[in-house]
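Remarks on the structure that follows.
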Amino acid sequence: MKTILEKGIVFYQGKFQELDKLVIEKGKITEVVLASSKAKKGKPLPAPKKKAETSANVINCSDRYILPGFIDAHTHLSLEEEGVGWYDADYNESFGLATPQVRAFDALKMRDRAFNDALHGGVTTAMITPGSANPIGGQCCIVKMVGNVAEAAVVKESSGMKFAFGENPKRVYGEQKKFPSTRMGTAAVIREWLMKAQDYLKRKKTKEFKEREIKLEAMLPLIEGKIQARAHAHMADDIITAYRIAQEFNLDMVFDHCTEGHLIAKELGKWKARAVVGPTFSSRSKPELRNKTFETVEILMDEGCVVALTTDHPVIPIEGLSVAAAMCVRHGLDEERAIKAITENPAIILGLDKRLGKLEVGYDADVVIWDGHPLDVRSKTEAVFVDGNKVI
Amino acid sequence: MSGTFFPGQKVLVEKGKIASVGSMIRKNVEKVIECEQKYLIPGLIDAHSHLGLFESTVPADDINEPYAEITPHLRPLDGVKMRDRAMEDARRAGISTCMVCPGSERPISGICSILKTNGNSADVGLIVEQAGVLMSFGEQVKVTAKKSDKPYVTRMGVSALIRETLMKAQDYYSAKQSKKMVKDREIDMEALIPLIKAEVPMRACAHRAEDIMAAIRIAEEFKLKLVIEYGTEAHLLAALLAEKKIPVVLGPTLVPRFRYELNEKTFESAKILIDAGVDVAFTCDYPGLPIETLRVAAAMAIQYGLEEKRALAAITEVPASILGVDARLGKIKKGMDGDLALFSGHPLDIRSRLEALVVDGDLFVFSKDLKIESGS
C-alpha cells in the first residue's frame, strides 16, 4: 500500500522547500514532487483522484515539516537498558584490554524504552558501539529503532571496530594497577594487535595455517578495509595519535567525540576527516573535555570535514540529538548544515549515504513529520515512518 | 502582567534596580540599548545547582563530604569558585541567579545559598546565605553509604538518621530557649535552628514517590517547610502535592534513566504537576547537566504539552517564589532587581541567542551587533 504525504515543508536537497507530494511504497521513497517544480511546469491543478488511487493512505502535512529520520552515528543504545542500573550495563569487558571479538550486536535489548524515545525525538537509525574502557573495545553495529529482535532492526551487524584513546583506558587500567596507565601504553596495545592481525592475515594465506584465533579473526575485516576504525578521542593530541596509527596500518578511520577538533581543524580538513562530534551537552567532567564548545562543528565543517553530531546515548538521552543541533545553531551554525549534521552527514560517515539521510527517490522511507521547525525544541514529532511503516 | 510579551516597552535600570517600565520613559541616561525585534525577559533563575562547587575539569570537586553523613553546617559560600567557567556559561545562558547547595549523596549535607552570577567573589553575589537545609532520600544516598561502609544502607536507615538529627535539633533549640541556656554551642545544631523555627525550608532531594512521601512525613512530624528537589515521580503525587502546597524543583530531565529511581522520568511531568496546581521550577542540577540547558528543559516541557508562559514562569517567577525572593526577583517590574536577559528571538526557541544580560544593573554584552548608544 502506498502512503502519500501532501503539502508541507520538506528538507530536500539540503534546504527547506515547499512540498507538493512525497510517495512511499514498499518501504522506499518512490516519488518527490516539489510545489515549485510543479508551478514552473505550469501543470494544471491535480484532477480529483480516481477510485483506483484511493487505496493510498494520504496524509495532509500542511504547515508541517517533513524530514528524513535523524541518524546518531555514535550511541550505546540499549547496552544499558533505561531505568535498570548497572546490573544491566554491557558497555565494556573492562578486564580484557583488547577485545575485538565482542560485538555490540550481541548485547542489544530491543525492548529498551530508549528506542521508543529515539523515535519520539525523530531519530530512526543509530550506530551502537561498545564502551571506551579498552584500547580495543569491540565491534559496532548499525540498527533502526524498530523490531522485537535485533535481526529485525539490523542495518549492519558489524560496521566498525572501536578504539579508545586518552583518559578512559588509562584510568580504567591504571586503577586496576595494570598496563596501560599512560597514553603511550594505550597506543602500544593498539599497535600490538594491529601488527598481530597483519601477520595473521599473511599466515592465514599459507598452508601451515591451522587454528583460528577469534580475536584476530575479528580484526581481519578491519585490516582488509571492510569495516571502519572508530577512534574515541577527545584531546587534539589523542586525535593525532589515532590518525598516526590509522596511517601506519592503512585504516579507514572515523574520529568519535573529537572534542578538541577545532584546535586542529586545519589538519583534520587536510585529511578530509570524518568526525562524529559530541556529546557537547555534557558537563566538562574530565580534563580532556576542558575545551568543549558547540562551535567545533562549524569550524570543522568550514575546513571541509564531514561532521555528524552525537548524543553518545546514554550520556545524553537519544531524544537530545535535535537539541544538540539547535545548540549549534545558537552558536552560529546555519540551520541547513545543522540538519545535515544529523541526517546526510552521519549517513555518509556510516557508509549508508545511498539509502539513508535524505528524502530522495530510492532512499529508505524513514520519514518524520514535525508540527513545527525541527530545530525549535518546542516542536513535536507527529508521525514517524521507518521503512515505510508508521511507527508513531 | 506576567507571562506575556509586550512590544514597544522601555525598561529603565537605575542603581541596580528596575526604576520604571513603560512606553513613555523620558529621562537622561548613560546607555540606551536598542531592542527592536528582540525579546527581553527577567534574568533566569535555577533553583537548584552546585555551580562553583564543581570546577570544570578539575578532578577534585567540593560537592560531597563522603566521610560524614550529617553536615548541616557546611556552607556553599566557603566552597564556591566564582571564576569557574561555569559561572561565565551561566551568564551566557541568561541566568542571573542560582541556588547553590552541597551534593545530594548524604542524608543531611548542608545549607543552601542564593547567589547572583555577577561579581568575582561569592560574597559579592550573595543574596541569601541560609535559604534552606539540603536533605536527601533514596538510591543515591544508599549507594554512597554502601561504598563507604556506613551503618545505614536502607531507606529506613536514612529516614531514621534524619529523624534522630531533627529530634536533637528540636531539643537543642528548646534547651537554648530555656533559662539554663546552652553553654557549649554545637555547630551542626546551630545550623539547623532556622529550619526548626520554620524560617527556611527543608529542601528534600527525592526522585521516587516513596522518597517524596518520606520527606513529607518527616516535614510534617517536625513542622518544617518543605521543597521537593528533583521530583522525578512527583507527577504521580500531583494532587497531594497541590493540596499540601509543596513546590517542586523539577529536573534534571534531559538525562538518561541510569538508576532505578529515574524509571518514571518523563517530560510530561511539568505539565501534570502545573495543571494540578503545584508550583514547579526547572533545574539542570549543574553539573548534572550543563547550566546552559535550563532553557532547553523549559522548551522540552512545551514539546510535551506545557503552555509557553507557564514554561517561562518555571525559570523566572516560580523559582523566585520557591526561593522566597519573589519580592525582588523573577519579574520585570518597578522596584525589582535589575536582572534582565535579552534574546535575539523567542527565549524558548533554543536557536535564539542571548545578546545581553543585566545582573543588578551590571551589563554583560554577548553580541557584537547589539546597538548601544550613550546619552539621551
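Simple scheme: letters A, B, ... for chains in C-alpha cells order, numbers from 1 for residues in each chain, numbers from 1 for ligands in the order shown.
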Report task. Could you list the residues in chain B lying within 10 Å of chain A, using only C-alpha atoms, and format the result as a PyMOL selection string? Result -> chain B and resi 54-59+85-86+253-265+286-293+295-306+308+344+348-354
Query raised in the report: Which neighbours of Gly96 in chain A fall inside 12 Å, counting only C-alpha atoms, when residues of the same chain fewer than 6 positions from it are skipped, and could you give them as a ChimeraX atom specification?
Result: /A:102,133-138,169,172-173,176,178-180,189,215
Same residues, N, CA and C atoms, output as a PDB file, in the first residue's frame:
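Written out: result31.pdb:
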```pdb
ATOM      1  N   VAL A 102      34.315  -9.006  20.806  1.00  0.00           N
ATOM      2  CA  VAL A 102      32.978  -8.768  21.357  1.00  0.00           C
ATOM      3  C   VAL A 102      32.185  -7.854  20.426  1.00  0.00           C
ATOM      4  N   ALA A 133      36.434   1.773  27.547  1.00  0.00           N
ATOM      5  CA  ALA A 133      37.370   1.408  28.611  1.00  0.00           C
ATOM      6  C   ALA A 133      38.611   0.725  28.043  1.00  0.00           C
ATOM      7  N   ASN A 134      38.404  -0.085  27.008  1.00  0.00           N
ATOM      8  CA  ASN A 134      39.514  -0.854  26.449  1.00  0.00           C
ATOM      9  C   ASN A 134      40.140  -0.120  25.272  1.00  0.00           C
ATOM     10  N   PRO A 135      41.467  -0.223  25.125  1.00  0.00           N
ATOM     11  CA  PRO A 135      42.091   0.324  23.918  1.00  0.00           C
ATOM     12  C   PRO A 135      41.416  -0.209  22.651  1.00  0.00           C
ATOM     13  N   ILE A 136      41.093  -1.516  22.645  1.00  0.00           N
ATOM     14  CA  ILE A 136      40.283  -2.059  21.552  1.00  0.00           C
ATOM     15  C   ILE A 136      39.013  -2.618  22.179  1.00  0.00           C
ATOM     16  N   GLY A 137      37.890  -1.999  21.915  1.00  0.00           N
ATOM     17  CA  GLY A 137      36.669  -2.285  22.678  1.00  0.00           C
ATOM     18  C   GLY A 137      35.765  -3.339  22.088  1.00  0.00           C
ATOM     19  N   GLY A 138      35.751  -3.445  20.750  1.00  0.00           N
ATOM     20  CA  GLY A 138      34.871  -4.414  20.116  1.00  0.00           C
ATOM     21  C   GLY A 138      34.179  -3.828  18.901  1.00  0.00           C
ATOM     22  N   PRO A 169      40.883   4.593  28.859  1.00  0.00           N
ATOM     23  CA  PRO A 169      41.621   3.345  29.078  1.00  0.00           C
ATOM     24  C   PRO A 169      42.699   3.476  30.159  1.00  0.00           C
ATOM     25  N   VAL A 172      40.918   3.329  33.551  1.00  0.00           N
ATOM     26  CA  VAL A 172      40.365   2.015  33.900  1.00  0.00           C
ATOM     27  C   VAL A 172      41.484   1.044  34.278  1.00  0.00           C
ATOM     28  N   TYR A 173      42.532   0.991  33.457  1.00  0.00           N
ATOM     29  CA  TYR A 173      43.594   0.018  33.747  1.00  0.00           C
ATOM     30  C   TYR A 173      44.544   0.531  34.815  1.00  0.00           C
ATOM     31  N   GLN A 176      43.194  -0.396  38.033  1.00  0.00           N
ATOM     32  CA  GLN A 176      43.387  -1.831  38.315  1.00  0.00           C
ATOM     33  C   GLN A 176      44.855  -2.157  38.567  1.00  0.00           C
ATOM     34  N   LYS A 178      47.255  -1.934  36.378  1.00  0.00           N
ATOM     35  CA  LYS A 178      47.680  -2.772  35.253  1.00  0.00           C
ATOM     36  C   LYS A 178      48.141  -1.894  34.097  1.00  0.00           C
ATOM     37  N   PHE A 179      48.884  -2.494  33.194  1.00  0.00           N
ATOM     38  CA  PHE A 179      49.233  -1.866  31.935  1.00  0.00           C
ATOM     39  C   PHE A 179      47.980  -1.818  31.067  1.00  0.00           C
ATOM     40  N   PRO A 180      47.676  -0.741  30.370  1.00  0.00           N
ATOM     41  CA  PRO A 180      48.395   0.520  30.235  1.00  0.00           C
ATOM     42  C   PRO A 180      47.846   1.593  31.190  1.00  0.00           C
ATOM     43  N   VAL A 189      49.267  -0.922  22.931  1.00  0.00           N
ATOM     44  CA  VAL A 189      48.356  -2.072  22.883  1.00  0.00           C
ATOM     45  C   VAL A 189      47.680  -2.140  21.513  1.00  0.00           C
ATOM     46  N   LYS A 215      40.061 -13.476  18.293  1.00  0.00           N
ATOM     47  CA  LYS A 215      40.364 -12.040  18.332  1.00  0.00           C
ATOM     48  C   LYS A 215      40.901 -11.562  16.984  1.00  0.00           C
TER      49      LYS A 215
END
```
Query raised in the report: So, counting only C-alpha atoms, which residue among A:Ala73, A:Leu321, A:Ile142, A:Val368 is closest to Val254 in chain A?
Result: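 Nearest to Val254 in chain A: A:Ala73.
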Report task. If you run DSSP over the backbone, which residues in range 293-367 of chain A end up alpha helix (DSSP H)? Put them as a list in words. Result ->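 Reading the DSSP output for range 293-367 of chain A, alpha helix (DSSP H) covers Thr296, Val297, Glu298, Ile299, Leu300, Met301, Asp302, Leu321, Ser322, Val323, Ala324, Ala325, Ala326, Met327, Cys328, Val329, Arg330, Glu335, Glu336, Arg337, Ala338, Ile339, Lys340, Glu344, Asn345, Pro346, Ala347, Ile348 and Ile349 of chain A.
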Query raised in the report: Which residues come within 10 Å of range 157-159 of chain B, counting only C-alpha atoms, excluding same-chain residues fewer than 3 positions away, as a ChimeraX atom specification?
Result: /B:69,106-108,135-138,141-142,145,151-154,162-165,211,214-215,217-218
Query - Within 7 Å of Leu329 in chain B using only C-alpha atoms, minus same-chain residues under 5 positions, as a PyMOL selection string - result: chain B and resi 320+336-337
Query - d(CA of Leu192 in chain B, CA of Ile315 in chain B) in Å - result: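 Distance between the two atoms: 28.5 Å.
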Query raised in the report: Quick one: DSSP strand (DSSP E or B) residues in range 265-303 of chain A, as a count of residues only?
Result: 4
Report task. Tell me which of A:Leu22, A:Ala35, A:Cys305, A:Ala197 sits closest to Ala275 in chain A, counting only C-alpha atoms. Result -> A:Cys305
Requested in this report: Record the distance separating CA of Pro130 in chain A and CA of Leu79 in chain A, expressed in Å with one decimal.
Outcome: 7.9 Å
Report summary line: Counting only C-alpha atoms, closest pick from B:Lys271, B:His207, B:Lys197, B:Lys331 relative to Pro252 in chain B is B:His207
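Atom pair CA of Ile272 in chain B / CA of Arg203 in chain B: separated by 21.4 Å.
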Query raised in the report: Using only C-alpha atoms, which residue out of B:Leu53, B:Ile127, B:Cys112, B:Ile187 lies closest to Ser96 in chain B?
Result: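 Ranking B:Leu53, B:Ile127, B:Cys112, B:Ile187 by distance to Ser96 in chain B, first place goes to B:Ile127.
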Requested in this report: Could you give me, as a list of chain:residue names, the residues within 12 Å of Met24 in chain B, counting only C-alpha atoms and dropping anything in the same chain fewer than 5 positions from it?
Outcome: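 What passes the distance filter is B:Gly8, B:Gln9, B:Lys10, B:Val11, B:Leu12.
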**Report entry** Selection: 7 Å around His232 in chain A, only C-alpha atoms, excl. self and same-chain fewer than 4 positions, as number ranges by chain
**Finding:** A: 132, 163-165, 255-257
Next, dump the selected residues to file, keeping only N, CA and C atoms, as a compact mmCIF listing (two decimals), in the first residue's frame.
```txt
# COMPACT_ATOMS: atom_id res chain seq x y z
N SER A 132 34.36 2.68 25.97
CA SER A 132 35.71 3.15 25.67
C SER A 132 36.69 2.85 26.80
N PHE A 163 38.08 1.77 18.92
CA PHE A 163 39.35 2.01 19.62
C PHE A 163 39.16 3.17 20.59
N ALA A 164 39.90 3.16 21.69
CA ALA A 164 39.78 4.28 22.62
C ALA A 164 41.15 4.85 22.95
N PHE A 165 41.23 6.18 22.86
CA PHE A 165 42.47 6.90 23.20
C PHE A 165 42.18 7.82 24.38
N PHE A 255 36.68 9.71 13.44
CA PHE A 255 37.02 10.23 14.77
C PHE A 255 35.75 10.47 15.57
N ASP A 256 35.65 9.82 16.72
CA ASP A 256 34.48 9.97 17.57
C ASP A 256 34.76 10.95 18.70
N HIS A 257 33.76 11.76 19.01
CA HIS A 257 33.81 12.81 20.05
C HIS A 257 34.53 14.05 19.55
```
